[in-house]
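Chemist: Let me begin by handing over the structure; questions about it come next.
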Amino acid sequence: MVEAESPFRPREKLLEKQRYFQNIHKHTYLKGPFDKVTSVAIPIALAASSLFLIGRGIYNMSHGIGKKE
């Protein structure tokens, strides 16, 4: 007879977490502690850096900076 393998986490802990997450009335992708960083801060940082680089490129082109002779 094969022994039953113990679960990774105790059932009570899983039920407790499940109850906690189901009672939060936020968007599902913002529920965890690090989810705000991954789904809000990173896209904002990408958008800001790309806008900065585009702006710098337009400035450099309009002032002739970095032009090859």
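Identifiers in this document derive from the order of the structure tokens: chains are assigned A, B, ..., residues are numbered from 1 separately in each chain, and ligands are numbered from 1 in order of occurrence.
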Which residues in chain A does DSSP call helix (DSSP H, G or I)? List them as a PyMOL selection string.
Modeler: chain A and resi 11-23+28-30+35-63
Chemist: Using Å and a single decimal, report how far atom CA of Val40 of chain A sits from atom CA of Ile58 of chain A.
Modeler: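 Interatomic distance, atom CA of Ile58 of chain A to atom CA of Val40 of chain A: 27.4 Å.
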